[in-house]
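Next comes target-v8.cif, with mmCIF, C-alpha atoms.
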data_run
#
loop_
_atom_site.label_atom_id
_atom_site.label_comp_id
_atom_site.auth_asym_id
_atom_site.auth_seq_id
_atom_site.Cartn_x
_atom_site.Cartn_y
_atom_site.Cartn_z
CA GLU A 1 0.00 0.00 0.00
CA ASP A 2 2.82 2.43 0.80
CA SER A 3 4.36 1.78 -2.62
CA GLU A 4 0.96 2.27 -4.30
CA VAL A 5 0.99 -1.09 -6.05
CA ALA A 6 -1.62 -2.84 -3.87
CA ASN A 7 -4.32 -2.40 -6.49
CA ARG A 8 -2.27 -4.35 -9.05
CA THR A 9 -0.47 -6.89 -6.86
CA ALA A 10 -1.71 -10.40 -6.06
CA ILE A 11 -0.44 -11.87 -2.80
CA PHE A 12 -0.27 -15.60 -2.03
CA PHE A 13 0.66 -17.06 1.34
CA SER A 14 1.36 -20.75 1.86
CA SER A 15 4.11 -23.13 2.99
CA ASP A 16 6.19 -25.98 1.61
CA HIS A 17 5.23 -28.23 4.53
CA GLY A 18 3.83 -28.26 8.04
CA ASP A 19 5.47 -29.39 11.26
CA PHE A 20 4.55 -31.69 14.09
CA GLY A 21 3.81 -29.63 17.18
CA GLY A 22 3.40 -32.51 19.59
CA ASP A 23 1.00 -34.32 17.25
CA TYR A 24 1.41 -38.08 17.67
CA HIS A 25 4.07 -37.15 20.30
CA LEU A 26 6.34 -35.85 17.52
CA VAL A 27 8.00 -32.54 16.75
CA GLU A 28 9.39 -30.86 13.62
CA LYS A 29 8.91 -32.61 10.26
CA TRP A 30 9.80 -36.07 8.96
CA PRO A 31 10.57 -36.82 5.29
CA GLY A 32 9.03 -40.27 5.60
CA ALA A 33 5.68 -39.00 6.88
CA ALA A 34 2.64 -37.85 4.90
CA ASP A 35 0.29 -36.95 7.75
CA ASP A 36 -2.06 -34.06 7.11
CA VAL A 37 -0.13 -32.15 9.76
CA LEU A 38 2.74 -32.03 7.27
CA THR A 39 1.07 -32.12 3.86
CA ARG A 40 -2.09 -30.05 4.35
CA VAL A 41 -0.73 -26.51 4.46
CA PRO A 42 -2.64 -23.21 4.53
CA LEU A 43 -3.23 -21.19 1.39
CA TYR A 44 -4.38 -17.58 1.50
CA ALA A 45 -4.66 -15.25 -1.45
CA ARG A 46 -5.50 -11.59 -1.98
CA VAL A 47 -6.18 -10.61 -5.57
CA PRO A 48 -7.16 -7.08 -6.65
CA GLY A 49 -10.76 -7.09 -7.81
CA GLY A 50 -11.26 -10.60 -6.53
CA ALA A 51 -13.96 -12.13 -4.38
CA ARG A 52 -13.82 -11.33 -0.67
CA GLY A 53 -14.13 -13.68 2.28
CA VAL A 54 -14.34 -16.85 0.18
CA VAL A 55 -13.33 -20.11 1.85
CA SER A 56 -12.97 -23.04 -0.55
CA ARG A 57 -13.15 -26.67 0.59
CA ALA A 58 -11.83 -28.10 -2.67
CA PRO A 59 -8.38 -29.76 -2.56
CA VAL A 60 -5.59 -27.82 -4.27
CA SER A 61 -1.88 -28.40 -4.91
CA LEU A 62 1.03 -26.04 -4.47
CA PHE A 63 1.76 -26.13 -8.19
CA ASP A 64 -1.64 -24.49 -8.70
CA ILE A 65 -0.14 -21.29 -7.26
CA PRO A 66 2.47 -20.44 -9.96
CA HIS A 67 -0.02 -21.64 -12.57
CA THR A 68 -2.62 -19.20 -11.25
CA MET A 69 -0.06 -16.40 -10.93
CA CYS A 70 0.75 -16.74 -14.63
CA LEU A 71 -2.92 -16.62 -15.59
CA LEU A 72 -3.48 -13.50 -13.47
CA ALA A 73 -0.49 -11.92 -15.23
CA GLY A 74 -2.03 -12.65 -18.62
CA ILE A 75 0.16 -15.64 -19.47
CA ASN A 76 -1.96 -18.53 -20.70
CA VAL A 77 -0.32 -21.67 -19.36
CA THR A 78 -3.50 -23.73 -19.28
CA THR A 79 -2.91 -27.23 -20.57
CA SER A 80 -3.54 -29.46 -17.54
CA GLY A 81 -1.75 -32.26 -19.36
CA ASP A 82 -4.51 -32.30 -21.97
CA PHE A 83 -2.66 -30.68 -24.87
CA GLN A 84 -3.46 -33.58 -27.21
CA ARG A 85 -7.13 -32.57 -27.23
CA SER A 86 -6.90 -28.87 -26.38
CA GLY A 87 -4.05 -28.01 -28.74
CA GLU A 88 -2.75 -25.53 -26.16
CA SER A 89 0.92 -26.37 -25.82
CA ARG A 90 2.69 -23.03 -26.28
CA TYR A 91 4.18 -23.08 -22.78
CA GLY A 92 4.58 -26.82 -22.47
CA VAL A 93 2.59 -29.24 -20.38
CA ASN A 94 1.66 -28.87 -16.74
CA PHE A 95 -0.86 -30.60 -14.52
CA ALA A 96 -1.93 -27.72 -12.32
CA LYS A 97 -5.44 -26.29 -12.03
CA SER A 98 -6.45 -22.67 -12.26
CA LEU A 99 -7.64 -21.05 -9.03
CA VAL A 100 -8.87 -17.96 -10.88
CA PRO A 101 -12.60 -18.90 -10.74
CA VAL A 102 -12.34 -19.27 -6.95
CA LEU A 103 -10.30 -16.12 -6.42
CA MET A 104 -12.12 -13.82 -8.81
CA ASP A 105 -15.69 -15.13 -8.81
CA GLY A 106 -15.91 -16.98 -5.49
CA LYS A 107 -16.82 -20.24 -7.21
CA GLU A 108 -16.17 -23.47 -5.36
CA GLY A 109 -13.41 -25.64 -6.79
CA ASP A 110 -13.57 -29.30 -7.77
CA LEU A 111 -14.71 -31.10 -4.61
CA SER A 112 -14.00 -34.49 -6.20
CA ARG A 113 -10.39 -33.68 -7.07
CA TYR A 114 -7.49 -35.91 -6.02
CA VAL A 115 -4.20 -34.28 -5.08
CA TYR A 116 -0.76 -35.85 -4.71
CA SER A 117 2.38 -35.46 -2.67
CA GLU A 118 5.73 -37.26 -2.50
CA GLY A 119 8.52 -37.65 0.03
CA GLY A 120 10.94 -39.95 1.77
CA PHE A 121 14.05 -41.63 0.41
CA GLY A 122 14.68 -44.67 -1.74
CA HIS A 123 18.36 -45.40 -1.02
CA ALA A 124 21.24 -44.24 1.14
CA ALA A 125 22.69 -41.89 -1.49
CA GLU A 126 19.57 -39.72 -1.23
CA VAL A 127 20.30 -38.91 2.41
CA PHE A 128 24.07 -38.47 1.99
CA PRO A 129 26.07 -37.36 3.87
CA MET A 130 24.20 -37.51 7.18
CA GLY A 131 20.49 -37.10 6.76
CA SER A 132 18.15 -35.06 4.62
CA ASP A 133 19.20 -31.79 6.25
CA HIS A 134 22.91 -32.56 5.82
CA VAL A 135 23.36 -33.03 9.54
CA PRO A 136 27.03 -33.09 10.53
CA ASP A 137 28.55 -36.23 11.99
CA ASP A 138 28.12 -34.91 15.51
CA PRO A 139 26.15 -36.96 18.08
CA LYS A 140 25.52 -33.75 20.03
CA ASN A 141 23.71 -32.12 17.11
CA MET A 142 19.98 -31.83 17.82
CA TYR A 143 19.09 -33.45 14.48
CA TYR A 144 21.59 -36.28 14.80
CA PRO A 145 19.07 -38.89 16.09
CA ARG A 146 16.71 -38.18 13.21
CA ALA A 147 19.54 -38.38 10.70
CA MET A 148 20.57 -41.77 12.10
CA GLU A 149 16.98 -42.96 11.79
CA GLU A 150 16.83 -41.89 8.16
CA MET A 151 20.14 -43.60 7.42
CA ALA A 152 18.94 -46.86 8.97
CA GLU A 153 18.24 -49.91 6.84
CA GLY A 154 20.42 -48.72 3.97
CA GLY A 155 18.79 -45.31 3.85
CA ASN A 156 15.25 -46.62 4.22
CA GLY A 157 14.61 -45.18 7.66
CA SER A 158 12.32 -42.65 5.99
CA PRO A 159 11.01 -44.82 3.14
CA LYS A 160 9.91 -43.20 -0.09
CA TRP A 161 6.17 -42.62 -0.44
CA ILE A 162 3.54 -41.14 -2.72
CA MET A 163 0.23 -39.86 -1.40
CA ARG A 164 -3.13 -39.74 -3.18
CA ARG A 165 -5.89 -37.87 -1.38
CA ASN A 166 -9.31 -36.33 -1.83
CA LEU A 167 -11.81 -35.04 0.73
CA THR A 168 -12.89 -38.50 1.87
CA HIS A 169 -9.97 -40.92 1.50
CA LYS A 170 -6.19 -40.90 1.66
CA LEU A 171 -3.60 -43.38 0.42
CA VAL A 172 0.09 -43.25 1.35
CA TYR A 173 1.87 -45.89 -0.71
CA ARG A 174 5.32 -47.06 0.43
CA PRO A 175 6.85 -49.91 -1.64
CA GLY A 176 9.67 -50.21 0.92
CA GLY A 177 7.68 -49.62 4.09
CA GLN A 178 4.27 -49.60 5.74
CA SER A 179 1.58 -48.18 3.47
CA GLU A 180 -1.43 -46.32 4.87
CA LEU A 181 -5.09 -45.91 3.94
CA TYR A 182 -7.63 -43.79 5.80
CA GLU A 183 -11.33 -42.98 5.64
CA LEU A 184 -11.04 -39.28 6.46
CA GLU A 185 -14.74 -38.66 7.12
CA HIS A 186 -14.67 -41.18 9.98
CA ASP A 187 -10.99 -40.89 10.89
CA PRO A 188 -9.81 -37.29 10.29
CA LYS A 189 -6.81 -37.69 12.63
CA GLU A 190 -5.54 -40.70 10.66
CA LEU A 191 -5.41 -43.06 13.62
CA ASN A 192 -6.93 -46.20 12.07
CA ASN A 193 -4.84 -47.51 9.17
CA ILE A 194 -7.06 -49.75 7.02
CA PHE A 195 -4.43 -50.63 4.39
CA ASP A 196 -4.55 -54.39 3.66
CA SER A 197 -7.85 -54.64 5.52
CA PRO A 198 -9.98 -57.27 3.72
CA GLU A 199 -13.10 -55.16 4.28
CA HIS A 200 -11.53 -52.31 2.30
CA ALA A 201 -9.86 -54.28 -0.50
CA VAL A 202 -11.97 -52.65 -3.23
CA LEU A 203 -11.23 -49.15 -1.95
CA GLN A 204 -7.52 -49.93 -1.67
CA SER A 205 -7.37 -51.34 -5.18
CA SER A 206 -9.17 -48.29 -6.57
CA MET A 207 -6.83 -45.85 -4.82
CA ILE A 208 -3.70 -47.67 -6.02
CA GLN A 209 -5.10 -47.86 -9.56
CA GLY A 210 -5.72 -44.12 -9.51
CA LEU A 211 -2.18 -43.52 -8.27
CA LEU A 212 -0.76 -45.66 -11.07
CA GLU A 213 -2.79 -43.76 -13.67
CA TRP A 214 -1.52 -40.44 -12.31
CA LEU A 215 2.10 -41.62 -12.42
CA VAL A 216 1.72 -42.76 -16.03
CA ARG A 217 0.02 -39.52 -17.12
CA THR A 218 2.51 -37.19 -15.42
CA SER A 219 5.80 -39.01 -15.91
CA ASP A 220 8.39 -38.25 -18.59
CA VAL A 221 6.59 -35.39 -20.32
CA THR A 222 8.32 -34.54 -23.60
CA PRO A 223 9.53 -30.92 -23.96
CA MET A 224 7.36 -28.93 -26.37
CA HIS A 225 10.10 -26.63 -27.70
CA GLN A 226 13.26 -27.24 -29.68
CA ASP A 227 16.45 -25.58 -28.53
CA PRO A 228 17.25 -22.94 -31.18
CA ARG A 229 20.95 -23.71 -30.73
CA GLY A 230 20.37 -27.15 -32.21
CA VAL A 231 22.31 -30.33 -31.45
CA PRO A 232 25.92 -29.83 -30.21
CA PRO A 233 28.55 -30.56 -32.87
CA TYR A 234 30.03 -34.05 -32.75
CA PRO A 235 32.59 -35.00 -31.71
CA HIS A 236 32.98 -32.37 -29.05
CA GLU A 237 35.41 -31.98 -26.22
CA ALA A 238 34.39 -33.46 -22.88
CA SER A 239 33.95 -31.10 -19.96
CA SER A 240 36.79 -30.67 -17.50
CA CYS A 241 34.73 -32.46 -14.87
CA ALA A 242 34.12 -35.48 -17.10
CA ALA A 243 37.76 -35.61 -18.18
CA SER A 244 39.19 -35.28 -14.69
CA GLY A 245 38.68 -38.92 -13.76
CA VAL A 246 37.20 -37.94 -10.39
CA ASP A 247 34.16 -40.02 -9.46
CA GLY A 248 32.28 -37.19 -7.80
CA PRO A 249 32.39 -34.47 -5.16
CA HIS A 250 34.39 -35.23 -2.02
#
Written as structure tokens, how would this file's structure read?
Amino acid sequence: EDSEVANRTAIFFSSDHGDFGGDYHLVEKWPGAADDVLTRVPLYARVPGGARGVVSRAPVSLFDIPHTMCLLAGINVTTSGDFQRSGESRYGVNFAKSLVPVLMDGKEGDLSRYVYSEGGFGHAAEVFPMGSDHVPDDPKNMYYPRAMEEMAEGGNGSPKWIMRRNLTHKLVYRPGGQSELYELEHDPKELNNIFDSPEHAVLQSSMIQGLLEWLVRTSDVTPMHQDPRGVPPYPHEASSCAASGVDGPH
């Protein structure tokens, strides 16, 4: 307001993750966890000329934010991974959703939408040298115990996971650890894990199938633009790093 740009500036406030504040007797964050405490972060937005006091219940993803920012700035990045049918591929492919109808018109978003999140580690090299936060090899460091936990079992102390969630159900799939499945309407605090429960086999199968479909649709997207510099001439001299004979950073 002091700089007189408030009437043409959109402001978004969110976070990359939450933190345990005593929840489940835990503190801080944990790369191997997908609890709502960590993955369901706040999102506030103020857009000039937009709707006021709107609270949306629809699930959203963090990548919706830069997507929406571009649209508000007049940059049409709308493809939603559907460029084959829409023909809109000028800025490449993305899988975000526009929040403009919610922000500008106060319309509710897609209440049936599934959103996704990923975390954890798959092997020891991913937590090198001493944990995800590069904790020094110092037993007196406050993060040392967590780093040791993450390094356990060949780096599988915080096993890799992918989450699929909507308003009613949540799947946390861990190929190298304990998977989770929750009925959020009856179990909002995620205390009763029904993964591998015979009574919920159909639900579990449906959630995993949906996760597989999402992975196939969003993986290995081909770039939509050619580099104007073309292909490098061949043969060409190797970089100094490649020619040094050193395996990697030490």
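Shortest separation to Arg52 of chain A among A:Val102, A:Val115, A:Ile162, A:Cys241 occurs at residue A:Val102, atoms counted being all atoms listed in the file.
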Result set of the PyMOL selection byres ((chain A and resi 30) around 10) on the coordinates above, as an NGL selection string:
:A and (18-20 or 26-29 or 31-35 or 38 or 119-120 or 132 or 146 or 150 or 158)
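Residues matched by the PyMOL selection byres ((chain A and resi 165) around 10) in this file are Pro59, Arg113, Tyr114, Val115, Tyr116, Ser117, Met163, Arg164, Asn166, Leu167, Thr168, His169, Lys170, Leu171, Val172, Leu181, Tyr182, Leu184, Met207 and Leu211 of chain A.
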So that I can check the surroundings of Val54 of chain A, please list as JSON, numbers by chain every protein, DNA and RNA residue that reaches within 9 Å of it, counting all atoms listed in the file and ignoring chain neighbours fewer than 5 positions away.
{"A": [102, 103, 106, 107, 108]}
For atom CA of Ala96 of chain A and atom CA of Val60 of chain A, quote the distance in Å rounded to one decimal.
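Going from atom CA of Ala96 of chain A over to atom CA of Val60 of chain A covers 8.8 Å.
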Nearest residue to Val93 of chain A out of A:Asp2, A:Asp220, A:Glu118, A:Glu213, using only C-alpha atoms?
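For Val93 of chain A, the nearest of the candidates is A:Asp220.
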Applied to the shown file, which residues does the PyMOL selection byres ((chain A and resi 10) around 10) return, written as an MDAnalysis selection string?
chainID A and resid 5:9 11:12 45:50 69 72:73
